[in-house]
$ cat target_27.csv   # CSV, C-alpha atoms
chain,number,residue,atom,x,y,z
A,245,MET,CA,96.0,110.4,53.4
A,246,VAL,CA,97.3,107.1,54.6
A,247,ALA,CA,99.6,107.4,57.6
A,248,VAL,CA,103.2,106.1,57.3
A,249,SER,CA,103.8,103.4,59.8
A,250,VAL,CA,106.9,102.9,61.9
A,251,GLN,CA,107.6,99.7,59.9
A,252,GLU,CA,107.7,101.7,56.7
A,253,GLU,CA,110.0,104.3,58.1
A,254,LEU,CA,112.4,101.6,59.1
A,255,GLY,CA,112.2,100.1,55.6
A,256,VAL,CA,110.3,96.9,56.4
A,257,GLN,CA,108.9,95.3,53.2
A,258,VAL,CA,105.3,94.2,53.7
A,259,GLU,CA,103.8,92.0,50.9
A,260,ALA,CA,100.6,93.3,49.5
A,261,THR,CA,97.8,90.8,49.7
A,262,ASP,CA,94.2,90.4,48.3
A,263,ASN,CA,91.3,88.5,49.6
A,264,VAL,CA,91.1,85.1,47.7
A,265,ARG,CA,87.6,86.0,46.5
A,266,LEU,CA,89.1,88.4,44.0
A,267,PRO,CA,91.2,85.9,42.0
A,268,GLN,CA,88.5,83.3,42.7
A,269,SER,CA,85.8,85.2,40.9
A,270,ILE,CA,88.1,85.6,37.8
A,271,LEU,CA,89.1,82.0,37.8
A,272,ARG,CA,85.6,80.7,38.0
A,273,HIS,CA,84.6,82.8,35.1
A,274,ALA,CA,87.5,81.4,33.1
A,275,VAL,CA,86.6,77.8,34.0
A,276,SER,CA,82.9,78.4,33.0
A,277,ALA,CA,84.3,79.6,29.7
A,278,GLY,CA,86.1,76.3,29.2
A,279,LEU,CA,89.6,76.9,30.6
A,280,GLU,CA,91.2,74.1,32.6
A,281,PRO,CA,91.3,75.0,36.4
A,282,ARG,CA,94.6,73.3,37.3
A,283,GLN,CA,96.4,74.9,34.5
A,284,LEU,CA,94.9,78.3,35.5
A,285,THR,CA,96.0,78.1,39.1
A,286,ARG,CA,99.4,76.8,38.1
A,287,ASP,CA,100.1,79.5,35.6
A,288,SER,CA,98.8,82.3,37.9
A,289,GLY,CA,100.6,81.1,41.0
A,290,VAL,CA,97.3,81.3,43.0
A,291,PRO,CA,96.8,78.2,45.2
A,292,THR,CA,94.6,75.4,43.9
A,293,TRP,CA,92.3,75.7,46.9
A,294,SER,CA,91.4,79.2,45.8
A,295,MET,CA,88.8,77.6,43.5
A,296,SER,CA,86.8,76.4,46.5
A,297,ASP,CA,84.7,78.4,48.9
A,298,GLY,CA,86.2,78.7,52.4
A,299,GLU,CA,87.5,81.1,54.9
A,300,GLU,CA,88.6,84.7,54.2
A,301,TYR,CA,92.1,83.7,53.0
A,302,ARG,CA,94.6,86.2,51.7
A,303,VAL,CA,96.9,85.6,48.7
A,304,PRO,CA,99.8,87.7,47.4
A,305,SER,CA,98.7,90.6,45.1
A,306,ALA,CA,101.2,89.5,42.5
A,307,GLY,CA,99.1,86.3,42.1
A,308,TYR,CA,95.9,88.3,41.7
A,309,LEU,CA,97.4,90.5,39.0
A,310,ARG,CA,99.0,87.5,37.3
A,311,THR,CA,95.5,85.9,37.2
A,312,TRP,CA,94.2,88.6,35.0
A,313,GLU,CA,97.0,88.2,32.6
A,314,VAL,CA,96.6,84.4,32.5
A,315,VAL,CA,92.8,84.6,32.0
A,316,GLU,CA,93.0,87.2,29.3
A,317,HIS,CA,95.6,85.2,27.4
A,318,GLY,CA,93.7,81.9,27.9
A,319,LEU,CA,90.4,83.4,26.7
A,320,GLY,CA,92.0,85.4,23.9
A,321,ASN,CA,89.8,88.3,24.9
A,322,PRO,CA,91.1,91.8,25.6
A,323,ASP,CA,87.8,92.7,27.1
A,324,ALA,CA,87.8,89.9,29.6
A,325,ALA,CA,87.9,92.2,32.6
A,326,LEU,CA,84.8,94.1,31.4
A,327,ASP,CA,82.9,90.9,30.6
A,328,ILE,CA,83.6,89.6,34.1
A,329,ALA,CA,82.6,92.9,35.7
A,330,GLU,CA,79.4,92.9,33.7
A,331,ARG,CA,78.5,89.5,35.3
A,332,TYR,CA,79.1,90.8,38.8
A,333,VAL,CA,77.0,89.1,41.5
A,334,LEU,CA,76.4,90.9,44.7
A,335,GLY,CA,78.2,89.1,47.5
A,336,GLN,CA,81.0,87.6,45.3
A,337,VAL,CA,83.6,89.6,47.3
A,338,GLY,CA,81.9,89.0,50.6
A,339,LEU,CA,81.9,91.6,53.4
A,340,TYR,CA,83.0,94.4,51.0
A,341,ASP,CA,79.8,94.0,48.9
A,342,TYR,CA,77.5,94.1,51.9
A,343,LEU,CA,79.2,97.2,53.4
A,344,PHE,CA,78.3,98.9,50.1
A,345,SER,CA,74.8,97.5,49.7
A,346,THR,CA,73.6,98.3,53.2
A,347,ALA,CA,74.6,102.0,52.9
A,348,PRO,CA,71.8,104.6,52.6
A,349,THR,CA,73.0,106.1,49.3
A,350,LEU,CA,75.4,105.6,46.5
A,351,GLY,CA,77.7,108.3,47.8
A,352,ALA,CA,77.7,106.7,51.3
A,353,GLY,CA,78.4,103.3,49.8
A,354,LEU,CA,81.4,104.6,47.8
A,355,GLU,CA,82.8,106.3,50.9
A,356,LEU,CA,82.6,103.0,52.8
A,357,CYS,CA,84.3,101.3,49.9
A,358,GLY,CA,87.2,103.6,50.3
A,359,THR,CA,87.3,103.4,54.1
A,360,TYR,CA,87.1,99.6,54.3
A,361,LEU,CA,89.0,98.6,51.2
A,362,GLY,CA,91.4,96.8,53.4
A,363,ALA,CA,88.7,94.2,54.0
A,364,ILE,CA,89.6,92.8,50.5
A,365,THR,CA,93.0,94.2,49.6
A,366,THR,CA,96.1,96.0,50.9
A,367,ASN,CA,97.2,96.7,47.3
A,368,PHE,CA,94.6,99.4,46.4
A,369,ARG,CA,93.6,102.8,47.7
A,370,MET,CA,90.3,104.6,46.9
A,371,GLU,CA,90.1,108.2,47.8
A,372,PRO,CA,88.1,111.3,46.9
A,373,GLY,CA,89.8,113.6,44.4
A,374,LEU,CA,88.5,116.8,42.8
A,375,GLU,CA,85.1,117.8,44.1
A,376,THR,CA,82.7,120.5,42.8
A,377,GLU,CA,79.0,121.2,43.5
A,378,GLU,CA,78.1,119.1,40.5
A,379,GLU,CA,80.4,116.1,40.7
A,380,VAL,CA,83.0,114.2,42.8
A,381,THR,CA,86.0,112.3,41.4
A,382,PHE,CA,87.2,109.1,43.1
A,383,GLU,CA,90.8,108.0,42.5
A,384,ILE,CA,91.9,104.4,42.5
A,385,GLY,CA,95.6,103.9,43.4
A,386,MET,CA,97.5,100.6,43.1
A,387,ILE,CA,100.6,100.2,45.3
A,388,ASN,CA,102.2,97.1,43.8
A,389,GLY,CA,101.8,96.2,40.2
A,390,GLU,CA,102.5,97.2,36.6
A,391,GLY,CA,101.9,95.9,33.1
A,392,ARG,CA,98.8,94.3,31.7
A,393,GLY,CA,97.7,92.8,35.0
A,394,ARG,CA,97.5,96.2,36.5
A,395,GLU,CA,95.5,97.5,33.6
A,396,LEU,CA,92.9,94.7,33.7
A,397,ALA,CA,92.6,95.0,37.5
A,398,ALA,CA,91.9,98.7,37.2
A,399,GLN,CA,89.4,98.1,34.4
A,400,TRP,CA,87.5,95.6,36.5
A,401,GLY,CA,87.8,97.7,39.7
A,402,LEU,CA,86.2,100.8,38.1
A,403,ALA,CA,83.6,98.8,36.1
A,404,ALA,CA,82.6,96.8,39.2
A,405,ILE,CA,81.7,100.0,41.1
A,406,PHE,CA,78.9,100.6,38.6
A,407,THR,CA,77.8,97.0,37.9
A,408,ARG,CA,77.5,96.6,41.7
A,409,GLY,CA,75.6,99.9,42.0
A,410,ARG,CA,73.2,99.0,39.3
A,411,LEU,CA,72.2,95.8,41.2
A,412,VAL,CA,71.0,97.8,44.2
A,413,MET,CA,69.6,101.0,42.6
A,414,ASP,CA,66.4,101.9,40.8
A,415,GLY,CA,67.1,103.3,37.4
A,416,PRO,CA,70.3,103.6,35.4
A,417,VAL,CA,73.5,105.0,36.9
A,418,SER,CA,76.7,105.9,34.9
A,419,PRO,CA,79.8,107.9,35.6
A,420,VAL,CA,80.2,111.4,34.3
A,421,ARG,CA,83.8,110.6,33.2
A,422,VAL,CA,86.2,107.7,33.5
A,423,ALA,CA,90.0,108.0,33.4
A,424,PHE,CA,92.6,105.3,33.0
A,425,HIS,CA,96.3,105.4,33.6
A,426,GLN,CA,96.9,102.9,30.8
A,427,ARG,CA,97.5,104.0,27.2
A,428,ALA,CA,94.6,104.1,24.9
A,429,PRO,CA,93.7,100.7,23.3
A,430,ARG,CA,93.0,100.4,19.6
A,431,ASN,CA,89.3,100.2,20.3
A,432,HIS,CA,87.4,101.1,23.5
A,433,ASP,CA,83.8,100.6,22.3
A,434,ARG,CA,83.3,97.9,25.0
A,435,LEU,CA,84.3,100.4,27.7
A,436,VAL,CA,81.8,103.0,26.4
A,437,GLU,CA,79.1,100.3,26.3
A,438,LEU,CA,79.7,99.1,29.9
A,439,PHE,CA,80.2,102.5,31.5
A,440,GLY,CA,77.4,104.2,29.5
A,441,THR,CA,79.5,107.2,28.6
A,442,ASP,CA,82.1,108.1,25.9
A,443,ALA,CA,83.8,110.5,28.2
A,444,ILE,CA,86.7,108.1,28.7
A,445,ASP,CA,90.3,109.3,28.9
A,446,PHE,CA,93.6,107.4,28.8
A,447,GLY,CA,97.1,108.2,29.9
A,448,ALA,CA,95.8,109.9,33.0
A,449,PRO,CA,97.9,110.4,36.1
A,450,ALA,CA,95.6,108.0,38.0
A,451,ASP,CA,92.7,105.6,37.4
A,452,SER,CA,89.5,107.4,38.4
A,453,ILE,CA,85.8,107.8,38.1
A,454,THR,CA,83.7,111.0,38.3
A,455,VAL,CA,80.2,110.7,39.6
A,456,SER,CA,77.5,113.4,39.6
A,457,THR,CA,76.4,114.7,43.0
A,458,ALA,CA,72.8,114.0,41.9
A,459,ASP,CA,73.6,110.3,41.6
A,460,LEU,CA,75.6,110.3,44.9
A,461,VAL,CA,72.5,111.1,46.9
A,462,ARG,CA,70.3,108.5,45.2
A,463,PRO,CA,69.2,105.8,47.7
A,464,LEU,CA,70.0,102.2,47.6
A,465,ARG,CA,67.0,99.9,47.8
A,466,THR,CA,69.1,97.4,49.9
A,467,ALA,CA,69.9,100.0,52.6
A,468,ASP,CA,69.8,98.5,56.1
A,469,PRO,CA,71.0,100.9,58.9
A,470,ARG,CA,71.2,98.3,61.7
A,471,LEU,CA,73.0,95.7,59.6
A,472,ALA,CA,75.3,98.4,58.3
A,473,GLU,CA,76.4,99.3,61.8
A,474,ILE,CA,77.2,95.7,62.6
A,475,LEU,CA,79.2,95.2,59.4
A,476,GLN,CA,81.2,98.4,59.8
A,477,ARG,CA,82.2,97.4,63.4
A,478,TYR,CA,83.4,94.1,62.1
A,479,ALA,CA,85.1,95.6,59.1
A,480,ALA,CA,87.1,97.9,61.3
A,481,THR,CA,88.7,94.8,62.9
A,482,THR,CA,89.8,93.5,59.5
A,483,GLN,CA,91.8,96.5,58.4
A,484,PRO,CA,95.5,95.9,57.8
A,485,VAL,CA,97.8,97.2,60.5
A,486,VAL,CA,100.7,98.0,58.2
A,487,PRO,CA,100.2,99.4,54.7
A,488,PRO,CA,102.5,97.8,52.1
A,489,ARG,CA,105.4,99.6,50.5
A,490,ALA,CA,105.4,100.4,46.8
A,491,THR,CA,107.2,97.9,44.6
A,492,THR,CA,108.2,97.9,40.9
A,493,TRP,CA,107.9,95.9,37.8
A,494,THR,CA,111.4,94.5,38.5
A,495,ASP,CA,110.2,93.1,41.8
A,496,HIS,CA,107.4,91.3,39.9
A,497,LEU,CA,109.9,90.0,37.4
A,498,GLY,CA,112.0,88.7,40.3
A,499,LEU,CA,109.1,86.7,41.6
A,500,VAL,CA,108.5,85.2,38.2
A,501,ILE,CA,112.2,84.3,37.8
A,502,SER,CA,112.2,82.8,41.3
A,503,ALA,CA,109.2,80.7,40.4
A,504,ALA,CA,110.9,79.5,37.2
A,505,LEU,CA,114.0,78.5,39.2
A,506,GLU,CA,111.8,76.1,41.1
A,507,GLN,CA,111.8,74.1,37.9
A,508,ASP,CA,115.5,73.6,37.5
A,509,SER,CA,117.4,75.9,35.1
A,510,VAL,CA,115.8,79.1,33.7
A,511,THR,CA,116.2,81.0,30.5
A,512,ILE,CA,115.0,84.4,29.3
A,513,ASP,CA,112.7,82.7,26.8
A,514,GLN,CA,111.0,80.7,29.6
A,515,VAL,CA,110.5,83.8,31.7
A,516,ALA,CA,109.2,85.8,28.8
A,517,ALA,CA,106.7,83.1,28.1
A,518,ARG,CA,105.5,83.2,31.8
A,519,LEU,CA,105.0,87.0,31.4
A,520,PHE,CA,103.2,86.4,28.0
A,521,LEU,CA,105.9,88.5,26.3
A,522,SER,CA,108.2,87.8,23.4
A,523,ARG,CA,111.9,87.7,24.2
A,524,ARG,CA,112.4,91.0,22.4
A,525,SER,CA,109.5,92.6,24.4
A,526,LEU,CA,111.0,91.5,27.7
A,527,GLN,CA,114.4,92.8,26.7
A,528,ARG,CA,112.9,96.1,25.8
A,529,ARG,CA,111.0,96.3,29.1
A,530,LEU,CA,114.3,95.5,30.9
A,531,ALA,CA,116.0,98.3,29.1
A,532,GLU,CA,113.2,100.7,29.9
A,533,HIS,CA,113.9,100.0,33.6
A,534,GLY,CA,117.6,100.4,33.3
A,535,THR,CA,118.5,96.8,33.9
A,536,THR,CA,119.4,93.6,32.0
A,537,TRP,CA,118.4,90.0,32.1
A,538,ARG,CA,121.7,88.9,33.6
A,539,THR,CA,121.4,91.5,36.4
A,540,GLU,CA,117.8,90.4,37.3
A,541,LEU,CA,118.6,86.7,37.1
A,542,GLU,CA,121.6,87.3,39.4
A,543,ARG,CA,119.4,89.3,41.8
A,544,ALA,CA,116.7,86.6,41.9
A,545,ARG,CA,119.3,83.9,42.5
A,546,ARG,CA,121.0,85.8,45.3
A,547,ARG,CA,117.7,86.5,47.0
A,548,ARG,CA,116.8,82.8,46.9
A,549,TYR,CA,120.2,81.9,48.3
A,550,GLU,CA,120.1,84.4,51.1
A,551,GLN,CA,116.6,83.3,52.2
A,552,ALA,CA,117.5,79.6,52.2
A,553,ALA,CA,120.9,80.1,53.8
A,554,ALA,CA,119.2,82.0,56.7
A,555,ASP,CA,117.9,78.6,57.9
A,556,GLY,CA,121.4,77.0,57.8
A,557,PRO,CA,124.3,76.1,55.6
A,558,LEU,CA,123.6,74.5,52.2
A,559,THR,CA,125.7,71.8,50.5
A,560,ARG,CA,127.1,72.5,47.0
A,561,SER,CA,124.5,70.3,45.4
A,562,GLU,CA,121.7,72.1,47.3
A,563,GLN,CA,123.1,75.4,46.2
A,564,ALA,CA,123.2,74.4,42.5
A,565,GLU,CA,119.6,73.0,42.7
A,566,LEU,CA,118.3,76.1,44.4
A,567,LEU,CA,120.0,78.5,42.0
A,568,GLY,CA,119.2,76.6,38.8
A,569,TYR,CA,122.8,75.8,37.9
A,570,LYS,CA,123.7,72.5,36.2
A,571,ASP,CA,127.1,72.2,37.7
A,572,LEU,CA,128.4,72.7,41.2
A,573,ARG,CA,131.3,75.1,40.2
A,574,SER,CA,129.0,77.7,38.8
A,575,ALA,CA,126.9,77.7,42.0
A,576,ARG,CA,130.1,77.9,44.1
A,577,ARG,CA,131.4,80.9,42.2
A,578,ALA,CA,128.1,82.7,42.5
A,579,VAL,CA,128.0,82.2,46.3
A,580,GLU,CA,131.6,83.3,46.7
A,581,ARG,CA,130.9,86.4,44.6
A,582,TRP,CA,128.0,87.4,46.9
A,583,GLN,CA,130.0,86.7,50.1
A,584,ASP,CA,132.9,88.9,49.0
$ encode --input "target_27.csv" --output "structure tokens"
Amino acid sequence: MVAVSVQEELGVQVEATDNVRLPQSILRHAVSAGLEPRQLTRDSGVPTWSMSDGEEYRVPSAGYLRTWEVVEHGLGNPDAALDIAERYVLGQVGLYDYLFSTAPTLGAGLELCGTYLGAITTNFRMEPGLETEEEVTFEIGMINGEGRGRELAAQWGLAAIFTRGRLVMDGPVSPVRVAFHQRAPRNHDRLVELFGTDAIDFGAPADSITVSTADLVRPLRTADPRLAEILQRYAATTQPVVPPRATTWTDHLGLVISAALEQDSVTIDQVAARLFLSRRSLQRRLAEHGTTWRTELERARRRRYEQAAADGPLTRSEQAELLGYKDLRSARRAVERWQD
């Protein structure tokens, strides 16, 4: 169980982040498939420099999940996450891969993946679930994220466990069962092919994989006890101090609206397009969350104003530009409404 920090008890919002290597590997696959890199980074909100190798940067998790949506849409391929997972290359997520590959067995590697997941993300948790003499279930939890980006990230995350394992083990290895939180797709033959089992459930309480105890004790041919000790000591220093608080789909929507406001005025159709939804689908999602477009637009505008005003007073023209209003009077009325 993850301990609750003092910051969480006090209600401090901590933004979930991911190592830049996660969106980087997705974007590189998309570019190799013919998509334009600048358009990809612009649409996903991931910085352009993420396409280049560099230090262990962190990017907001919202950008990582958004990257999945953008790449799937650009490729027109609902199996994009599985295709990318199948092409997994050991080392593509850096330290995390080597923590796994230097472990003595598959089970020890998976345990390390759960322990040091903070090395690549503060948005996911991997913990053992139900355990019997024959099998162990590992549950993957996501703290911040909903919608299609969440589904694709979960597909890739579970699939990568086995594509990574197959690179460092002798002989085939497949899960006993796989469970997805998402609803069942029209066709999941590709999932069956990649995981090597048709025991795949949908609509489960959590995303999870179940592995046989016989497979868990199988050795990794890349095991290296001395290097493993060094890597684990280093990984312990990279763990996040404060776990992020859970957020909702409406929080993600607010970020998208705020990004749209950067480009002058904003409409529901513009935001729906950014979410790869129709206007009707966005309105339906808003209704499901008990809110409206007007409410969420107002909330996003107010958040932008309060963040900017904290640095000093704004002129009327600055307020209008910041809030996406075409006339000064509308901006003035909005600010006065929030200050009442």
$ closest_atom_pairs --input "target_27.csv" --of "region 489-575 of chain A" --to "region 299-321 of chain A" --cutoff "10 Å" --atoms "only C-alpha atoms" --output "Markdown table"
| residue | atom | partner | partner_atom | distance |
| --- | --- | --- | --- | --- |
| A:Asp495 | CA | A:Ala306 | CA | 9.7 |
| A:His496 | CA | A:Ala306 | CA | 7.0 |
| A:Leu499 | CA | A:Ala306 | CA | 8.4 |
| A:Val500 | CA | A:Ala306 | CA | 9.5 |
| A:Arg518 | CA | A:Val314 | CA | 9.0 |
| A:Leu519 | CA | A:Glu313 | CA | 8.2 |
| A:Phe520 | CA | A:His317 | CA | 7.7 |
$ write_last_selection --input "target_27.csv" --atoms "C-alpha atoms" --output "mmCIF file, in the frame of the given file"
data_model
loop_
_atom_site.group_PDB
_atom_site.id
_atom_site.type_symbol
_atom_site.label_atom_id
_atom_site.label_comp_id
_atom_site.auth_asym_id
_atom_site.auth_seq_id
_atom_site.Cartn_x
_atom_site.Cartn_y
_atom_site.Cartn_z
ATOM 1 C CA ASP A 495 110.200 93.100 41.800
ATOM 2 C CA HIS A 496 107.400 91.300 39.900
ATOM 3 C CA LEU A 499 109.100 86.700 41.600
ATOM 4 C CA VAL A 500 108.500 85.200 38.200
ATOM 5 C CA ARG A 518 105.500 83.200 31.800
ATOM 6 C CA LEU A 519 105.000 87.000 31.400
ATOM 7 C CA PHE A 520 103.200 86.400 28.000
#
$ atom_distance --input "target_27.csv" --atom1 "CA of Pro348 (chain A)" --atom2 "CA of Tyr360 (chain A)"
16.2 Å
$ closest_residue --input "target_27.csv" --among "A:Met386, A:Thr494, A:Pro322, A:Asp468" --to "Ala531 (chain A)" --atoms "all atoms listed in the file"
A:Thr494
$ residues_around --input "target_27.csv" --residues "Ala448 (chain A)" --least-positions-apart "2" --cutoff "10 Å" --atoms "all atoms listed in the file" --output "mmCIF file with C-alpha atoms, in the coordinates of the input"
data_model
loop_
_atom_site.group_PDB
_atom_site.id
_atom_site.type_symbol
_atom_site.label_atom_id
_atom_site.label_comp_id
_atom_site.auth_asym_id
_atom_site.auth_seq_id
_atom_site.Cartn_x
_atom_site.Cartn_y
_atom_site.Cartn_z
ATOM 1 C CA VAL A 422 86.200 107.700 33.500
ATOM 2 C CA ALA A 423 90.000 108.000 33.400
ATOM 3 C CA PHE A 424 92.600 105.300 33.000
ATOM 4 C CA HIS A 425 96.300 105.400 33.600
ATOM 5 C CA GLN A 426 96.900 102.900 30.800
ATOM 6 C CA ARG A 427 97.500 104.000 27.200
ATOM 7 C CA ASP A 445 90.300 109.300 28.900
ATOM 8 C CA PHE A 446 93.600 107.400 28.800
ATOM 9 C CA ALA A 450 95.600 108.000 38.000
ATOM 10 C CA ASP A 451 92.700 105.600 37.400
ATOM 11 C CA SER A 452 89.500 107.400 38.400
#
$ closest_residue --input "target_27.csv" --among "A:Ala544, A:Gly440, A:Lys570, A:Val579" --to "Pro557 (chain A)" --atoms "all atoms listed in the file"
A:Val579
$ decode --input "target_27.csv" --residues "region 520-548 of chain A" --atoms "N, CA and C atoms" --output "PDB file, in the first residue's frame"
ATOM      1  N   PHE A 520     -10.422  14.437 -30.238  1.00  0.00           N
ATOM      2  CA  PHE A 520     -10.792  13.437 -31.238  1.00  0.00           C
ATOM      3  C   PHE A 520     -12.189  12.882 -30.961  1.00  0.00           C
ATOM      4  N   LEU A 521     -13.100  13.787 -30.604  1.00  0.00           N
ATOM      5  CA  LEU A 521     -14.498  13.451 -30.364  1.00  0.00           C
ATOM      6  C   LEU A 521     -15.369  14.314 -31.259  1.00  0.00           C
ATOM      7  N   SER A 522     -16.581  13.858 -31.529  1.00  0.00           N
ATOM      8  CA  SER A 522     -17.552  14.719 -32.193  1.00  0.00           C
ATOM      9  C   SER A 522     -18.140  15.655 -31.143  1.00  0.00           C
ATOM     10  N   ARG A 523     -18.788  16.710 -31.600  1.00  0.00           N
ATOM     11  CA  ARG A 523     -19.438  17.637 -30.666  1.00  0.00           C
ATOM     12  C   ARG A 523     -20.445  16.886 -29.802  1.00  0.00           C
ATOM     13  N   ARG A 524     -21.224  15.994 -30.421  1.00  0.00           N
ATOM     14  CA  ARG A 524     -22.242  15.246 -29.679  1.00  0.00           C
ATOM     15  C   ARG A 524     -21.610  14.325 -28.646  1.00  0.00           C
ATOM     16  N   SER A 525     -20.485  13.669 -29.000  1.00  0.00           N
ATOM     17  CA  SER A 525     -19.814  12.774 -28.056  1.00  0.00           C
ATOM     18  C   SER A 525     -19.264  13.541 -26.860  1.00  0.00           C
ATOM     19  N   LEU A 526     -18.713  14.724 -27.119  1.00  0.00           N
ATOM     20  CA  LEU A 526     -18.206  15.535 -26.017  1.00  0.00           C
ATOM     21  C   LEU A 526     -19.344  15.970 -25.103  1.00  0.00           C
ATOM     22  N   GLN A 527     -20.453  16.376 -25.671  1.00  0.00           N
ATOM     23  CA  GLN A 527     -21.598  16.776 -24.855  1.00  0.00           C
ATOM     24  C   GLN A 527     -22.121  15.608 -24.033  1.00  0.00           C
ATOM     25  N   ARG A 528     -22.115  14.424 -24.623  1.00  0.00           N
ATOM     26  CA  ARG A 528     -22.557  13.239 -23.890  1.00  0.00           C
ATOM     27  C   ARG A 528     -21.609  12.936 -22.735  1.00  0.00           C
ATOM     28  N   ARG A 529     -20.280  13.064 -22.975  1.00  0.00           N
ATOM     29  CA  ARG A 529     -19.313  12.812 -21.912  1.00  0.00           C
ATOM     30  C   ARG A 529     -19.472  13.843 -20.787  1.00  0.00           C
ATOM     31  N   LEU A 530     -19.722  15.090 -21.143  1.00  0.00           N
ATOM     32  CA  LEU A 530     -19.954  16.128 -20.137  1.00  0.00           C
ATOM     33  C   LEU A 530     -21.167  15.792 -19.275  1.00  0.00           C
ATOM     34  N   ALA A 531     -22.236  15.336 -19.921  1.00  0.00           N
ATOM     35  CA  ALA A 531     -23.448  14.977 -19.186  1.00  0.00           C
ATOM     36  C   ALA A 531     -23.187  13.804 -18.250  1.00  0.00           C
ATOM     37  N   GLU A 532     -22.387  12.838 -18.697  1.00  0.00           N
ATOM     38  CA  GLU A 532     -22.069  11.685 -17.864  1.00  0.00           C
ATOM     39  C   GLU A 532     -21.330  12.104 -16.601  1.00  0.00           C
ATOM     40  N   HIS A 533     -20.573  13.205 -16.689  1.00  0.00           N
ATOM     41  CA  HIS A 533     -19.824  13.687 -15.536  1.00  0.00           C
ATOM     42  C   HIS A 533     -20.579  14.785 -14.784  1.00  0.00           C
ATOM     43  N   GLY A 534     -21.850  14.981 -15.133  1.00  0.00           N
ATOM     44  CA  GLY A 534     -22.686  15.925 -14.396  1.00  0.00           C
ATOM     45  C   GLY A 534     -22.279  17.369 -14.557  1.00  0.00           C
ATOM     46  N   THR A 535     -21.788  17.722 -15.744  1.00  0.00           N
ATOM     47  CA  THR A 535     -21.372  19.090 -15.962  1.00  0.00           C
ATOM     48  C   THR A 535     -21.771  19.523 -17.368  1.00  0.00           C
ATOM     49  N   THR A 536     -21.428  20.736 -17.743  1.00  0.00           N
ATOM     50  CA  THR A 536     -21.771  21.288 -19.056  1.00  0.00           C
ATOM     51  C   THR A 536     -20.554  21.969 -19.663  1.00  0.00           C
ATOM     52  N   TRP A 537     -20.642  22.219 -20.964  1.00  0.00           N
ATOM     53  CA  TRP A 537     -19.571  22.925 -21.650  1.00  0.00           C
ATOM     54  C   TRP A 537     -19.362  24.310 -21.043  1.00  0.00           C
ATOM     55  N   ARG A 538     -20.445  25.033 -20.792  1.00  0.00           N
ATOM     56  CA  ARG A 538     -20.328  26.387 -20.241  1.00  0.00           C
ATOM     57  C   ARG A 538     -19.634  26.365 -18.874  1.00  0.00           C
ATOM     58  N   THR A 539     -19.986  25.375 -18.059  1.00  0.00           N
ATOM     59  CA  THR A 539     -19.384  25.271 -16.724  1.00  0.00           C
ATOM     60  C   THR A 539     -17.890  25.007 -16.808  1.00  0.00           C
ATOM     61  N   GLU A 540     -17.487  24.086 -17.670  1.00  0.00           N
ATOM     62  CA  GLU A 540     -16.078  23.738 -17.769  1.00  0.00           C
ATOM     63  C   GLU A 540     -15.256  24.842 -18.425  1.00  0.00           C
ATOM     64  N   LEU A 541     -15.845  25.545 -19.383  1.00  0.00           N
ATOM     65  CA  LEU A 541     -15.153  26.677 -19.994  1.00  0.00           C
ATOM     66  C   LEU A 541     -14.941  27.784 -18.968  1.00  0.00           C
ATOM     67  N   GLU A 542     -15.967  28.048 -18.182  1.00  0.00           N
ATOM     68  CA  GLU A 542     -15.854  29.057 -17.121  1.00  0.00           C
ATOM     69  C   GLU A 542     -14.781  28.658 -16.110  1.00  0.00           C
ATOM     70  N   ARG A 543     -14.767  27.389 -15.750  1.00  0.00           N
ATOM     71  CA  ARG A 543     -13.790  26.909 -14.771  1.00  0.00           C
ATOM     72  C   ARG A 543     -12.369  27.050 -15.309  1.00  0.00           C
ATOM     73  N   ALA A 544     -12.171  26.703 -16.574  1.00  0.00           N
ATOM     74  CA  ALA A 544     -10.833  26.807 -17.167  1.00  0.00           C
ATOM     75  C   ALA A 544     -10.389  28.265 -17.259  1.00  0.00           C
ATOM     76  N   ARG A 545     -11.311  29.137 -17.641  1.00  0.00           N
ATOM     77  CA  ARG A 545     -10.974  30.563 -17.722  1.00  0.00           C
ATOM     78  C   ARG A 545     -10.613  31.123 -16.349  1.00  0.00           C
ATOM     79  N   ARG A 546     -11.386  30.756 -15.362  1.00  0.00           N
ATOM     80  CA  ARG A 546     -11.118  31.275 -14.020  1.00  0.00           C
ATOM     81  C   ARG A 546      -9.771  30.786 -13.511  1.00  0.00           C
ATOM     82  N   ARG A 547      -9.446  29.518 -13.768  1.00  0.00           N
ATOM     83  CA  ARG A 547      -8.156  28.982 -13.334  1.00  0.00           C
ATOM     84  C   ARG A 547      -7.007  29.746 -13.997  1.00  0.00           C
ATOM     85  N   ARG A 548      -7.139  29.996 -15.296  1.00  0.00           N
ATOM     86  CA  ARG A 548      -6.098  30.744 -16.013  1.00  0.00           C
ATOM     87  C   ARG A 548      -5.941  32.147 -15.448  1.00  0.00           C
TER      88      ARG A 548
END
